[in-house]
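Everything below belongs to work06.txt, which stores compact mmCIF, C-alpha atoms and all ligand atoms.
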# COMPACT_ATOMS: atom_id res chain seq x y z
CA MET A 144 6.44 -8.51 -13.66
CA LEU A 145 6.51 -12.30 -13.95
CA ARG A 146 3.41 -13.97 -15.40
CA LEU A 147 0.73 -16.22 -13.90
CA ASP A 148 0.23 -18.45 -16.95
CA GLY A 149 -1.01 -21.88 -15.87
CA LYS A 150 -1.85 -20.60 -12.38
CA THR A 151 -5.29 -20.45 -10.81
CA ALA A 152 -6.72 -18.11 -8.20
CA ILE A 153 -9.78 -17.55 -6.04
CA VAL A 154 -10.87 -13.98 -5.32
CA THR A 155 -13.69 -13.36 -2.84
CA GLY A 156 -15.73 -10.16 -3.14
CA ALA A 157 -14.84 -9.74 -6.81
CA SER A 158 -17.97 -7.76 -7.72
CA SER A 159 -16.49 -4.36 -6.81
CA GLY A 160 -13.44 -2.33 -5.91
CA ILE A 161 -10.17 -4.02 -5.00
CA GLY A 162 -11.46 -7.57 -5.50
CA LEU A 163 -12.70 -6.84 -9.01
CA ALA A 164 -9.47 -5.04 -9.97
CA THR A 165 -7.32 -7.86 -8.55
CA ALA A 166 -9.28 -10.59 -10.33
CA GLN A 167 -8.80 -8.64 -13.58
CA ALA A 168 -5.08 -8.13 -12.87
CA PHE A 169 -4.56 -11.85 -12.23
CA ALA A 170 -6.42 -12.67 -15.46
CA ALA A 171 -4.34 -10.13 -17.41
CA LEU A 172 -1.21 -11.94 -16.20
CA GLY A 173 -2.52 -15.25 -17.56
CA ALA A 174 -4.26 -16.83 -14.54
CA ARG A 175 -7.69 -18.45 -14.48
CA VAL A 176 -9.67 -16.93 -11.65
CA ALA A 177 -12.72 -18.13 -9.70
CA VAL A 178 -14.64 -15.07 -8.60
CA GLY A 179 -17.42 -14.90 -6.03
CA ALA A 180 -19.76 -12.37 -4.44
CA ARG A 181 -23.45 -11.92 -3.63
CA ARG A 182 -23.96 -9.57 -6.62
CA PHE A 183 -23.30 -12.32 -9.16
CA GLU A 184 -24.19 -10.11 -12.13
CA ARG A 185 -21.30 -7.75 -11.30
CA LEU A 186 -18.60 -10.41 -11.35
CA PRO A 187 -16.11 -10.10 -14.22
CA ALA A 188 -16.96 -12.23 -17.25
CA GLY A 189 -14.83 -13.92 -19.90
CA ASP A 190 -12.86 -17.09 -20.57
CA ALA A 191 -10.45 -16.41 -17.72
CA PHE A 192 -13.18 -16.41 -15.06
CA VAL A 193 -15.21 -19.05 -13.23
CA ARG A 194 -18.14 -17.01 -11.88
CA LEU A 195 -19.87 -18.30 -8.77
CA PRO A 196 -22.36 -16.98 -6.23
CA LEU A 197 -20.86 -16.49 -2.76
CA ASP A 198 -22.07 -15.18 0.57
CA VAL A 199 -19.03 -15.42 2.84
CA LEU A 200 -21.31 -15.22 5.91
CA ASP A 201 -22.97 -18.53 4.99
CA PRO A 202 -20.83 -21.64 5.69
CA ALA A 203 -22.79 -23.73 3.16
CA SER A 204 -22.29 -21.07 0.46
CA CYS A 205 -18.55 -20.96 1.22
CA ALA A 206 -18.21 -24.75 1.06
CA ALA A 207 -20.11 -24.94 -2.26
CA PHE A 208 -18.09 -22.02 -3.63
CA VAL A 209 -14.72 -23.59 -2.84
CA GLU A 210 -15.78 -26.99 -4.18
CA GLN A 211 -17.07 -25.56 -7.46
CA ALA A 212 -14.16 -23.13 -7.79
CA VAL A 213 -11.54 -25.85 -7.37
CA ALA A 214 -13.44 -28.17 -9.75
CA GLY A 215 -13.85 -25.39 -12.33
CA LEU A 216 -10.20 -24.32 -12.10
CA GLY A 217 -8.75 -27.84 -11.84
CA GLY A 218 -6.69 -26.94 -8.75
CA LEU A 219 -5.76 -23.88 -6.72
CA ASP A 220 -2.60 -21.79 -6.50
CA ILE A 221 -3.67 -18.43 -5.05
CA LEU A 222 -6.36 -17.45 -2.55
CA TYR A 223 -7.05 -13.73 -2.23
CA ASN A 224 -9.31 -13.12 0.78
CA ASN A 225 -10.80 -9.80 -0.23
CA ALA A 226 -14.49 -9.62 0.79
CA GLY A 227 -14.95 -7.20 3.68
CA LEU A 228 -16.64 -4.08 4.96
CA ALA A 229 -16.85 -1.39 7.63
CA LEU A 230 -20.03 0.03 9.14
CA GLY A 231 -20.31 3.57 10.45
CA ARG A 232 -17.88 6.06 12.04
CA ALA A 233 -19.22 6.53 15.56
CA PRO A 234 -17.92 6.24 19.13
CA PHE A 235 -18.04 2.72 20.49
CA ASP A 236 -20.86 3.60 22.93
CA GLU A 237 -23.09 3.86 19.86
CA SER A 238 -22.11 0.44 18.51
CA SER A 239 -24.69 -2.35 18.20
CA GLU A 240 -24.75 -6.12 18.48
CA GLU A 241 -25.83 -6.41 14.82
CA ASP A 242 -23.08 -4.17 13.39
CA GLU A 243 -20.34 -5.78 15.47
CA GLN A 244 -21.47 -9.23 14.37
CA LEU A 245 -21.63 -8.31 10.68
CA VAL A 246 -18.19 -6.68 10.63
CA ILE A 247 -16.41 -9.38 12.64
CA ASP A 248 -18.17 -12.24 10.86
CA THR A 249 -17.43 -10.81 7.38
CA ASN A 250 -13.88 -9.62 7.96
CA VAL A 251 -12.59 -12.27 10.36
CA ARG A 252 -14.65 -15.45 10.69
CA SER A 253 -15.37 -15.65 6.96
CA VAL A 254 -11.70 -15.13 6.14
CA MET A 255 -10.77 -17.94 8.54
CA ARG A 256 -13.47 -20.18 7.04
CA LEU A 257 -12.48 -19.56 3.41
CA THR A 258 -8.80 -20.04 4.24
CA ARG A 259 -9.51 -23.30 6.09
CA LEU A 260 -11.67 -24.59 3.22
CA CYS A 261 -9.10 -23.66 0.56
CA LEU A 262 -5.95 -24.84 2.34
CA PRO A 263 -6.26 -28.55 1.45
CA HIS A 264 -6.48 -27.58 -2.23
CA ILE A 265 -3.59 -25.12 -2.44
CA ARG A 266 -0.80 -26.58 -4.55
CA ASP A 267 2.93 -26.34 -3.84
CA ASN A 268 4.26 -22.80 -4.37
CA GLY A 269 0.77 -21.49 -3.65
CA HIS A 270 -0.06 -18.20 -2.01
CA ILE A 271 -2.62 -16.83 0.45
CA VAL A 272 -3.17 -13.06 0.35
CA PHE A 273 -5.06 -11.07 2.98
CA ILE A 274 -6.24 -7.48 2.77
CA GLY A 275 -5.68 -5.71 6.07
CA SER A 276 -5.76 -1.96 6.55
CA VAL A 277 -3.87 0.84 8.18
CA ALA A 278 -6.78 0.45 10.66
CA GLY A 279 -5.26 -2.92 11.56
CA ARG A 280 -1.97 -1.35 12.63
CA VAL A 281 -2.84 1.87 14.49
CA ALA A 282 -6.29 2.74 15.85
CA TYR A 283 -8.16 5.90 14.86
CA PRO A 284 -11.27 7.31 16.59
CA ASN A 285 -14.77 5.96 15.93
CA GLY A 286 -14.01 2.77 14.04
CA ALA A 287 -13.66 0.12 16.76
CA SER A 288 -15.27 -2.91 15.09
CA TYR A 289 -13.45 -2.39 11.80
CA ILE A 290 -10.17 -1.68 13.58
CA ALA A 291 -10.56 -4.82 15.73
CA SER A 292 -11.37 -6.87 12.63
CA LYS A 293 -8.30 -5.73 10.70
CA PHE A 294 -6.00 -6.20 13.71
CA ALA A 295 -7.40 -9.75 13.74
CA VAL A 296 -6.63 -10.24 10.04
CA ARG A 297 -3.02 -9.24 10.67
CA GLY A 298 -2.90 -11.62 13.66
CA LEU A 299 -4.29 -14.43 11.53
CA SER A 300 -1.69 -13.85 8.84
CA TYR A 301 1.12 -13.96 11.45
CA ALA A 302 -0.33 -17.15 12.96
CA LEU A 303 -0.62 -18.85 9.58
CA ARG A 304 2.95 -17.88 8.73
CA GLU A 305 3.95 -19.89 11.82
CA ASP A 306 1.62 -22.85 11.22
CA LEU A 307 2.52 -23.18 7.53
CA LEU A 308 6.25 -22.57 7.95
CA GLY A 309 8.11 -25.36 6.13
CA ARG A 310 5.34 -25.82 3.57
CA PRO A 311 5.60 -24.24 0.11
CA ILE A 312 2.76 -21.78 0.64
CA ARG A 313 3.43 -18.04 0.83
CA ILE A 314 1.40 -15.59 2.91
CA THR A 315 1.05 -11.86 2.36
CA THR A 316 -1.05 -9.15 3.97
CA VAL A 317 -1.57 -5.81 2.25
CA ASP A 318 -2.45 -3.04 4.72
CA ALA A 319 -3.97 -0.23 2.67
CA GLY A 320 -4.96 3.32 3.54
CA ALA A 321 -7.81 5.15 1.82
CA VAL A 322 -8.76 3.49 -1.48
CA GLU A 323 -11.67 5.01 -3.39
CA THR A 324 -14.15 2.16 -3.98
CA GLU A 325 -17.69 1.44 -2.79
CA PHE A 326 -16.19 0.84 0.67
CA SER A 327 -17.31 4.21 2.07
CA VAL A 328 -20.75 3.98 0.44
CA VAL A 329 -21.24 0.72 2.34
CA ARG A 330 -19.68 2.17 5.51
CA PHE A 331 -22.05 5.17 5.45
CA ARG A 332 -25.05 2.98 4.56
CA GLY A 333 -25.61 4.42 1.09
CA ASP A 334 -24.88 8.09 1.89
CA GLU A 335 -23.00 8.95 -1.34
CA ALA A 336 -22.15 12.52 -0.31
CA MET A 337 -20.61 11.39 2.98
CA ALA A 338 -18.71 8.66 1.14
CA LYS A 339 -17.36 11.11 -1.44
CA SER A 340 -16.14 13.50 1.29
CA VAL A 341 -13.72 10.84 2.58
CA TYR A 342 -11.61 11.14 -0.57
CA GLU A 343 -11.96 14.87 -1.29
CA GLY A 344 -8.71 16.66 -2.04
CA ILE A 345 -6.37 13.76 -1.25
CA ASP A 346 -5.80 11.84 -4.52
CA PRO A 347 -6.74 8.55 -2.86
CA LEU A 348 -5.36 5.18 -3.82
CA THR A 349 -7.31 3.34 -6.51
CA ALA A 350 -8.42 -0.28 -6.60
CA GLU A 351 -5.96 -0.75 -9.48
CA ASP A 352 -3.08 0.53 -7.30
CA ILE A 353 -3.79 -2.22 -4.77
CA ALA A 354 -4.35 -4.87 -7.45
CA ASP A 355 -0.95 -3.97 -8.90
CA ILE A 356 0.72 -4.49 -5.50
CA ILE A 357 -1.05 -7.81 -4.92
CA ALA A 358 -0.04 -8.95 -8.41
CA PHE A 359 3.57 -8.02 -7.58
CA THR A 360 3.55 -10.07 -4.36
CA VAL A 361 2.20 -13.22 -6.05
CA THR A 362 4.62 -13.05 -8.98
CA ARG A 363 7.88 -13.08 -6.96
CA PRO A 364 10.11 -16.17 -7.16
CA PRO A 365 8.81 -19.02 -4.92
CA HIS A 366 11.45 -18.46 -2.19
CA VAL A 367 10.46 -14.78 -1.73
CA ASN A 368 7.66 -14.19 0.81
CA ILE A 369 6.51 -10.59 1.06
CA ASP A 370 5.00 -10.80 4.54
CA GLU A 371 3.41 -7.35 4.75
CA VAL A 372 2.87 -4.30 2.60
CA VAL A 373 1.71 -0.97 4.04
CA VAL A 374 0.49 1.48 1.41
CA LYS A 375 -1.21 4.85 1.78
CA ALA A 376 -2.02 7.81 -0.41
CA LEU A 377 0.80 10.34 -0.31
CA ALA A 378 -1.55 12.78 1.45
CA GLN A 379 -2.32 10.29 4.28
CA SER A 380 -0.01 9.54 7.23
CA SER A 381 -2.42 7.51 9.40
CA GLY A 382 -6.02 6.31 9.56
CA SER A 383 -7.10 9.73 10.79
CA ARG A 384 -4.55 12.21 9.38
CA PHE A 385 -4.85 13.60 5.85
CA VAL A 386 -3.67 16.78 4.17
CA ARG A 387 -6.45 17.94 1.84
CA ARG A 388 -6.20 20.35 -1.07
CA GLU A 389 -8.52 23.36 -0.75
CA ALA A 390 -11.67 22.91 -2.88
P1 LIG B 401 -16.09 -2.54 -1.97
O1 LIG B 401 -15.94 -1.84 -3.28
O2 LIG B 401 -17.27 -2.21 -1.11
O3 LIG B 401 -16.02 -4.12 -2.22
C1 LIG B 401 -16.33 -5.03 -1.19
C2 LIG B 401 -16.51 -6.41 -1.80
O4 LIG B 401 -16.76 -7.35 -0.71
C3 LIG B 401 -17.69 -6.50 -2.75
O5 LIG B 401 -17.33 -7.22 -3.89
C4 LIG B 401 -18.73 -7.27 -1.94
O6 LIG B 401 -19.53 -8.07 -2.81
C5 LIG B 401 -17.85 -8.15 -1.08
N1 LIG B 401 -18.59 -8.65 0.08
C6 LIG B 401 -19.00 -7.97 1.18
N2 LIG B 401 -19.74 -8.78 1.97
C7 LIG B 401 -19.79 -9.99 1.34
C8 LIG B 401 -20.43 -11.22 1.62
N3 LIG B 401 -21.18 -11.40 2.72
N4 LIG B 401 -20.27 -12.25 0.77
C9 LIG B 401 -19.53 -12.10 -0.36
N5 LIG B 401 -18.90 -10.96 -0.69
C10 LIG B 401 -19.05 -9.91 0.15
O7 LIG B 401 -14.83 -2.24 -1.04
P2 LIG B 401 -13.24 -2.45 -1.26
O8 LIG B 401 -12.59 -1.19 -0.83
O9 LIG B 401 -12.92 -2.99 -2.58
O10 LIG B 401 -12.96 -3.52 -0.11
C11 LIG B 401 -12.32 -4.76 -0.33
C12 LIG B 401 -11.47 -5.10 0.88
O11 LIG B 401 -10.47 -4.11 1.01
C13 LIG B 401 -12.23 -5.13 2.21
O12 LIG B 401 -11.77 -6.24 2.96
C14 LIG B 401 -11.81 -3.83 2.87
O13 LIG B 401 -11.87 -3.89 4.28
C15 LIG B 401 -10.40 -3.72 2.37
N6 LIG B 401 -9.81 -2.36 2.46
C16 LIG B 401 -10.42 -1.32 1.84
C17 LIG B 401 -9.85 -0.05 1.96
C18 LIG B 401 -10.50 1.16 1.33
O14 LIG B 401 -10.17 2.29 1.72
N7 LIG B 401 -11.39 1.00 0.36
C19 LIG B 401 -8.68 0.14 2.70
C20 LIG B 401 -8.07 -0.97 3.29
C21 LIG B 401 -8.65 -2.22 3.17
P3 LIG B 401 -21.14 -8.21 -2.75
O15 LIG B 401 -21.68 -7.04 -1.99
O16 LIG B 401 -21.55 -8.27 -4.20
O17 LIG B 401 -21.36 -9.53 -2.04

With the file now loaded, output its structure as structure tokens.
Ligand code: NAP
Amino acid sequence: MLRLDGKTAIVTGASSGIGLATAQAFAALGARVAVGARRFERLPAGDAFVRLPLDVLDPASCAAFVEQAVAGLGGLDILYNNAGLALGRAPFDESSEEDEQLVIDTNVRSVMRLTRLCLPHIRDNGHIVFIGSVAGRVAYPNGASYIASKFAVRGLSYALREDLLGRPIRITTVDAGAVETEFSVVRFRGDEAMAKSVYEGIDPLTAEDIADIIAFTVTRPPHVNIDEVVVKALAQSSGSRFVRREA
């Protein structure tokens, strides 16, 4: 693994799960990392980190975050657009205006906004990383808003690859299967038992597994662009198909 000494990074949604693990992985490789989330107290602390409040749904919060992050870091090399969520597992007839808006605004519009705000600051040989999902490649039942949002993330990464072609900025999307984080607790609105059942008997991916892959993509030589990574637990073949060990 090459190092990130002298490099800087922004990680959104660094208070939990994949964002937290990736911010820590970047720091362990020598980067300085600006980290943001609503739960400020859960952001990683230490010399490597610039800790800032961030609500990706609020344009003013995003603008202040990027300004203070770039000022605190003294420039920007890597943007990891991590903040995101799913809500519920129900047929689309049971969807609501509020849930659709929250999922699309968090996973798509906020990612576009943060990317747009960061782009002018990204230095040569910089990198933009998106987190997609296996849900953004093949649909599964009862997850329409999340599936639509992650298809959109993949579309955005393809579009940016076209618009930025010729500039020294790399773009990667990591499409992950089931990763055991707080993701399912949020998805099932705090129902811990339901959340736990998602990962039962499958040896799910961990946040550290994904952080390791993201760290790999951003430490390749500057001419190497890893466009997409698809990663699932061995016991998962699609968004809806798992082989579970008997309890
Ligand atoms: P997680 O543990 O629930 O972490 C989600 C992070 O997003 C938290 O740090 C949260 O911070 C942040 N976030 C959510 N809304 C935000 C907002 N309005 N403003 C700022 N930050 C916000 O879940 P995770 O699994 O690590 O998810 C991270 C990303 O991975 C998401 O984009 C998710 O779709 C994607 N992903 C997850 C899986 C999986 O199976 N877990 C699979 C594929 C892709 P605060 O609540 O403190 O603001």

Using all atoms listed in the file, find each residue in region 200-230 of chain A having at least one atom no more than 8 Å away from region 257-271 of chain A; report its shortest atom-to-atom pair and that distance in Å (one decimal), rows by chain then rising number, as a tab-separated table.
residue	atom	partner	partner_atom	distance
A:Cys205	CA	A:Leu257	CA	6.6
A:Ala206	CA	A:Leu260	CA	6.9
A:Val209	CA	A:Cys261	CA	6.6
A:Val213	CA	A:His264	CA	7.4
A:Gly218	CA	A:His264	CA	6.6
A:Leu219	CA	A:Ile265	CA	5.0
A:Asp220	CA	A:Gly269	CA	4.4
A:Ile221	CA	A:His270	CA	4.7
A:Leu222	CA	A:Ile271	CA	4.8
A:Tyr223	CA	A:Ile271	CA	6.0
A:Asn224	CA	A:Leu257	CA	7.6

Ligand LIG 401 (chain B) neighbours within 7 Å using only C-alpha atoms and all ligand atoms, as a PyMOL selection string: chain A and resi 155-163+179-183+197-200+225-229+249-250+274-277+318-327+329+350

Write to file, as a compact mmCIF listing (two decimals), in the coordinates of the input, the residues of the selection just made, with C-alpha atoms.
# COMPACT_ATOMS: atom_id res chain seq x y z
CA THR A 155 -13.69 -13.36 -2.84
CA GLY A 156 -15.73 -10.16 -3.14
CA ALA A 157 -14.84 -9.74 -6.81
CA SER A 158 -17.97 -7.76 -7.72
CA SER A 159 -16.49 -4.36 -6.81
CA GLY A 160 -13.44 -2.33 -5.91
CA ILE A 161 -10.17 -4.02 -5.00
CA GLY A 162 -11.46 -7.57 -5.50
CA LEU A 163 -12.70 -6.84 -9.01
CA GLY A 179 -17.42 -14.90 -6.03
CA ALA A 180 -19.76 -12.37 -4.44
CA ARG A 181 -23.45 -11.92 -3.63
CA ARG A 182 -23.96 -9.57 -6.62
CA PHE A 183 -23.30 -12.32 -9.16
CA LEU A 197 -20.86 -16.49 -2.76
CA ASP A 198 -22.07 -15.18 0.57
CA VAL A 199 -19.03 -15.42 2.84
CA LEU A 200 -21.31 -15.22 5.91
CA ASN A 225 -10.80 -9.80 -0.23
CA ALA A 226 -14.49 -9.62 0.79
CA GLY A 227 -14.95 -7.20 3.68
CA LEU A 228 -16.64 -4.08 4.96
CA ALA A 229 -16.85 -1.39 7.63
CA THR A 249 -17.43 -10.81 7.38
CA ASN A 250 -13.88 -9.62 7.96
CA ILE A 274 -6.24 -7.48 2.77
CA GLY A 275 -5.68 -5.71 6.07
CA SER A 276 -5.76 -1.96 6.55
CA VAL A 277 -3.87 0.84 8.18
CA ASP A 318 -2.45 -3.04 4.72
CA ALA A 319 -3.97 -0.23 2.67
CA GLY A 320 -4.96 3.32 3.54
CA ALA A 321 -7.81 5.15 1.82
CA VAL A 322 -8.76 3.49 -1.48
CA GLU A 323 -11.67 5.01 -3.39
CA THR A 324 -14.15 2.16 -3.98
CA GLU A 325 -17.69 1.44 -2.79
CA PHE A 326 -16.19 0.84 0.67
CA SER A 327 -17.31 4.21 2.07
CA VAL A 329 -21.24 0.72 2.34
CA ALA A 350 -8.42 -0.28 -6.60

Give me the residues within 8 Å of Ala174 (chain A) as a list in words, counting only C-alpha atoms and dropping any in the same chain fewer than 6 places off.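 In the requested form, the answer reads Leu147, Asp148, Gly149, Lys150, Thr151, Ala152 and Ala191 of chain A.
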
For C-alpha atoms, I'd like the residues from the last selection saved as a PDB file, keeping the file's coordinate frame.
ATOM      1  CA  LEU A 147       0.730 -16.220 -13.900  1.00  0.00           C
ATOM      2  CA  ASP A 148       0.230 -18.450 -16.950  1.00  0.00           C
ATOM      3  CA  GLY A 149      -1.010 -21.880 -15.870  1.00  0.00           C
ATOM      4  CA  LYS A 150      -1.850 -20.600 -12.380  1.00  0.00           C
ATOM      5  CA  THR A 151      -5.290 -20.450 -10.810  1.00  0.00           C
ATOM      6  CA  ALA A 152      -6.720 -18.110  -8.200  1.00  0.00           C
ATOM      7  CA  ALA A 191     -10.450 -16.410 -17.720  1.00  0.00           C
TER       8      ALA A 191
END

For CA of Ala171 (chain A) and CA of Pro187 (chain A), determine how far apart the two atoms are, in Å to one decimal place. 12.2 Å

One decimal, Å: what's the distance from CA of Phe385 (chain A) over to CA of Ser292 (chain A), could you say?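 About the pair CA of Phe385 (chain A) and CA of Ser292 (chain A): they are 22.5 Å apart.
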
Hey, could you patch up region 337-360 of chain A with N, CA and C atoms and hand it over as a compact mmCIF listing (two decimals), in the frame of the given file?
# COMPACT_ATOMS: atom_id res chain seq x y z
N MET A 337 -21.52 11.67 1.86
CA MET A 337 -20.61 11.39 2.98
C MET A 337 -19.43 10.54 2.49
N ALA A 338 -19.75 9.54 1.66
CA ALA A 338 -18.71 8.66 1.14
C ALA A 338 -17.70 9.45 0.30
N LYS A 339 -18.22 10.34 -0.54
CA LYS A 339 -17.36 11.11 -1.44
C LYS A 339 -16.42 12.01 -0.63
N SER A 340 -16.92 12.55 0.49
CA SER A 340 -16.14 13.50 1.29
C SER A 340 -14.87 12.86 1.87
N VAL A 341 -14.89 11.54 2.02
CA VAL A 341 -13.72 10.84 2.58
C VAL A 341 -12.49 11.06 1.70
N TYR A 342 -12.73 11.13 0.38
CA TYR A 342 -11.61 11.14 -0.57
C TYR A 342 -11.33 12.52 -1.15
N GLU A 343 -12.08 13.54 -0.69
CA GLU A 343 -11.96 14.87 -1.29
C GLU A 343 -10.59 15.49 -1.05
N GLY A 344 -9.96 15.91 -2.13
CA GLY A 344 -8.71 16.66 -2.04
C GLY A 344 -7.50 15.86 -1.59
N ILE A 345 -7.55 14.53 -1.71
CA ILE A 345 -6.37 13.76 -1.25
C ILE A 345 -5.75 12.86 -2.32
N ASP A 346 -6.29 12.82 -3.54
CA ASP A 346 -5.80 11.84 -4.52
C ASP A 346 -5.66 10.46 -3.86
N PRO A 347 -6.79 9.83 -3.56
CA PRO A 347 -6.74 8.55 -2.86
C PRO A 347 -6.13 7.45 -3.71
N LEU A 348 -5.76 6.36 -3.08
CA LEU A 348 -5.36 5.18 -3.82
C LEU A 348 -6.55 4.69 -4.64
N THR A 349 -6.25 3.96 -5.71
CA THR A 349 -7.31 3.34 -6.51
C THR A 349 -7.26 1.82 -6.31
N ALA A 350 -8.38 1.19 -6.68
CA ALA A 350 -8.42 -0.28 -6.60
C ALA A 350 -7.30 -0.88 -7.45
N GLU A 351 -7.01 -0.23 -8.58
CA GLU A 351 -5.96 -0.75 -9.48
C GLU A 351 -4.58 -0.64 -8.82
N ASP A 352 -4.37 0.41 -8.02
CA ASP A 352 -3.08 0.53 -7.30
C ASP A 352 -2.86 -0.70 -6.40
N ILE A 353 -3.92 -1.09 -5.70
CA ILE A 353 -3.79 -2.22 -4.77
C ILE A 353 -3.66 -3.53 -5.54
N ALA A 354 -4.44 -3.67 -6.62
CA ALA A 354 -4.35 -4.87 -7.45
C ALA A 354 -2.92 -5.05 -7.98
N ASP A 355 -2.31 -3.95 -8.38
CA ASP A 355 -0.95 -3.97 -8.90
C ASP A 355 0.04 -4.50 -7.84
N ILE A 356 -0.16 -4.05 -6.60
CA ILE A 356 0.72 -4.49 -5.50
C ILE A 356 0.50 -5.97 -5.21
N ILE A 357 -0.76 -6.39 -5.18
CA ILE A 357 -1.05 -7.81 -4.92
C ILE A 357 -0.45 -8.66 -6.04
N ALA A 358 -0.62 -8.21 -7.28
CA ALA A 358 -0.04 -8.95 -8.41
C ALA A 358 1.48 -9.04 -8.27
N PHE A 359 2.11 -7.98 -7.79
CA PHE A 359 3.57 -8.02 -7.58
C PHE A 359 3.93 -9.09 -6.55
N THR A 360 3.18 -9.12 -5.43
CA THR A 360 3.55 -10.07 -4.36
C THR A 360 3.42 -11.52 -4.83
